[in-house]
Structures are given as structure tokens and as C-alpha cells.
Amino acid sequence: MDWTVGAGLVAGLLIAVVTAPVGVSGAVFLLPVHLSVFGVPNPAVTPTNLLYNVVAGPGALWRYRRDGTLRGPLTRRLIAGTLPGVVLGAVIRVHALPGPEVFQVLVAVLLLPLGLWLCARTLAPARRTRASAAPPGEPRPAVLTALAVAVGVFGGIYGIGGGSLLGPILAARGMPMSRVAPAALAATFATSLVGAAAFVLLSLAGSGDIAPDWWLGLACGLGGLAGGYLGARLQPRLPERALRLLLGALAAAIGVFYAARAVGSL
């Protein structure tokens with residue numbers, strides 16, 4: 001436990017500093033670290049990742065709340081959709097789990113082209129006229145709720161808070177990162193809190209490695225707590241263009257990583 005606690009603190013800190021400014025908790029990067037480096041068994045790796053989000057989330061959220069960027073219907077709609085989704089995902093994870101290869105393929109297919117397109121769109125010269133200069137609005141409420149539910153299910157199954165999926169999708173719609181990042185992180189925190197609690201309850205009624213690895217999850221989360229605050233504090237100082245490029249690069253990197261894992265498992 002001694003070396004894993006220290007390594008977890010460092011891993012959580014470094015990941016959160018980079019990902020918090022664009023609304024990504026970093027759990028999607030921690031998942032392979034938990035599996036390959038720390039050897040967390042399945043399905044306990046999922047609630048361990050969710051525990052990281054629960055502990056790490058308040059750092060960035062507190063900073064965003066101070067800036068007044070957490071208020072608004074976008075945050076409420078995302079949370080309202082992800083909460084029922086994560087409970088369903090936790091039940092699926094324990095009782096009818098699809099293999100990890102399915103997740104790897106889906107993440108790669110979604111995030112790799114989305115990240116590359118977001119980077120290309122950001123780097124391309126603006127072609128809009130003044131009459132069309134206003135950015136597109138957020139998706140219709142029904143579409144936004146359906147998207148949030150689907151992301152919540154993924155979060156419950158695989159232990160990712162959903163920001164890594166919600167952030168690129170909403171940013172690709174043209175929404176400003178100052179709105180996307182706080183709302184995505186708030187949904188990630190709420191989803192992870194409910195999801196981790198669901199796994200703890202399921203572990204009481206089931207057998208096997210269902211409960212989270214408490215020490216590792218707390219260590220990574222404490223590192224993420226400090227890193228998330230620092231990352232959120234950096235966000236207003238970074239230009240919109242740089243934030244979009246960072247989000248696109250992160251999405252593409254996640255897609256490449258999971259595509260390689262999917263190919264390697266064939």
C-alpha cells in the first residue's frame with residue numbers, strides 16, 4: 001500500500017492539472033493506470049475510478065463556483081440525465097458486463113475522429129461572416145438529456161465520469177469552454193458520487209471484487225483535488241483556442257490509446 005499511495009497522489013495531481021481546464025476529470029486516463037500499474041481487479045476498478053472523481057471533483061468545482069460559472073440550465077440538465085444513467089450502468093457492470101474490448105472500441109471510434117476534427121476546426125481559419133458569427137446554441141433539451149443518460153451509463157460501467165465524452169461533443173457544437181468545462185465536471189462529480197455509492201451497496205449483496213480499492217482511490221483523489229483546483233484556476237488565463245486544442249488533443253490521445261489496446265487484445 002505504501003508505494004501505491006504515493007504514486008496515486010502524483011498520478012492524480014498531474015492528470016487533473018492538465019484535464020480540469022477543459023472539463024475532463026482525468027478518470028479515463030487513470031483507468032488503464034489502475035489496471036496495468038496498480039493491478040486493481042475487475043470490476044473493482046470501476047468504483048475505484050469513481051471514488052477518484054468524488055474526492056478530486058470539489059477542487060475544480062469550488063474554483064468554478066467562485067468564478068460563478070457553475071450556474072445555468074446546462075449543468076442541471078447534464079446532472080439530471082447522468083444520475084439515472086450511472087445507476088443503470090453500475091447494475092450492468094456487476095450483473096451483465098460487456099467485455100472491456102467493447103468499451104475500448106466504442107471510445108476509440110467516438111473520441112479519435114472527434115478529437116481530430118475539433119483540432120482541425122480550431123486550427124482552420126474562420127470562414128463565418130459577421131451575420132453568422134454567433135456560436136451555435138446548446139443541443140435541444142431532449143437531445144441533451146438523452147446524451148447525458150447515455151454518458152451516465154458508460155460512467156457506471158467503466159468508471160469514467162463522462163467529462164471526456166461530454167466535453168468534446170459539446171465543444172464540437174461550438175459552445176464556449178467557459179460553459180462546457182464547469183458543467184461537464186459538475187455532471188462527472190454527481191455521477192461518480194451516485195455511482196460509487198451504488199457499487200458499495202451492490203458489494204454488500206454480492207461477492208467478489210465489487211467494492212472500490214479505498215486507499216488507492218482516496219490517494220489518487222487527493223492528488224486530483226489539488227490538481228483540479230490548479231487546473232480550474234488556470235482556465236481563465238488560457239485562450240479559448242488553446243483550450244479547444246487541448247481538449248481535441250486529449251480526446252484524440254484517448255482514442256489512439258484505446259484503439260491500440262483493442263487491437264492488441266485481438
# chains A, B, ... in the order shown; residues from 1 in each chain; ligands from 1
>>> closest_atom_pairs(of="range 229-262 of chain A", to="range 143-165 of chain A", cutoff="10 Å", atoms="only C-alpha atoms", output="JSON lines")
{"residue": "A:Leu247", "atom": "CA", "partner": "A:Ser164", "partner_atom": "CA", "distance": 8.7}
{"residue": "A:Leu250", "atom": "CA", "partner": "A:Ser164", "partner_atom": "CA", "distance": 8.4}
{"residue": "A:Ala251", "atom": "CA", "partner": "A:Ser164", "partner_atom": "CA", "distance": 7.0}
{"residue": "A:Ile254", "atom": "CA", "partner": "A:Ser164", "partner_atom": "CA", "distance": 8.8}
>>> residues_around(residues="range 204-218 of chain A", least_positions_apart="6", cutoff="8 Å", atoms="only C-alpha atoms", output="count of residues only")
19
>>> residues_around(residues="Ala108 in chain A", least_positions_apart="6", cutoff="7 Å", atoms="only C-alpha atoms", output="list in words")
Gly255, Val256, Tyr258 and Ala259 of chain A
>>> closest_residue(among="A:Ala56, A:Ala124, A:Ile169, A:Val10", to="Gly224 in chain A", atoms="only C-alpha atoms")
A:Ala56
>>> closest_residue(among="A:Val87, A:Thr191, A:Ala197, A:Gly231", to="Asn53 in chain A", atoms="only C-alpha atoms")
A:Thr191
>>> closest_residue(among="A:Arg77, A:Arg63, A:Arg93, A:Arg261", to="Ala198 in chain A", atoms="only C-alpha atoms")
A:Arg93
>>> residues_around(residues="Thr69 in chain A", least_positions_apart="2", cutoff="7 Å", atoms="only C-alpha atoms", output="ChimeraX atom specification")
/A:64-65,67,71,179,182
>>> write_last_selection(atoms="C-alpha atoms", output="tab-separated table (two decimals), in the first residue's frame")
chain	number	residue	atom	x	y	z
A	64	TYR	CA	-15.51	27.34	-10.80
A	65	ARG	CA	-18.19	28.17	-8.23
A	67	ASP	CA	-15.99	32.33	-10.63
A	71	ARG	CA	-24.89	28.20	-12.57
A	179	ARG	CA	-19.58	26.90	-20.13
A	182	PRO	CA	-17.78	23.56	-15.34
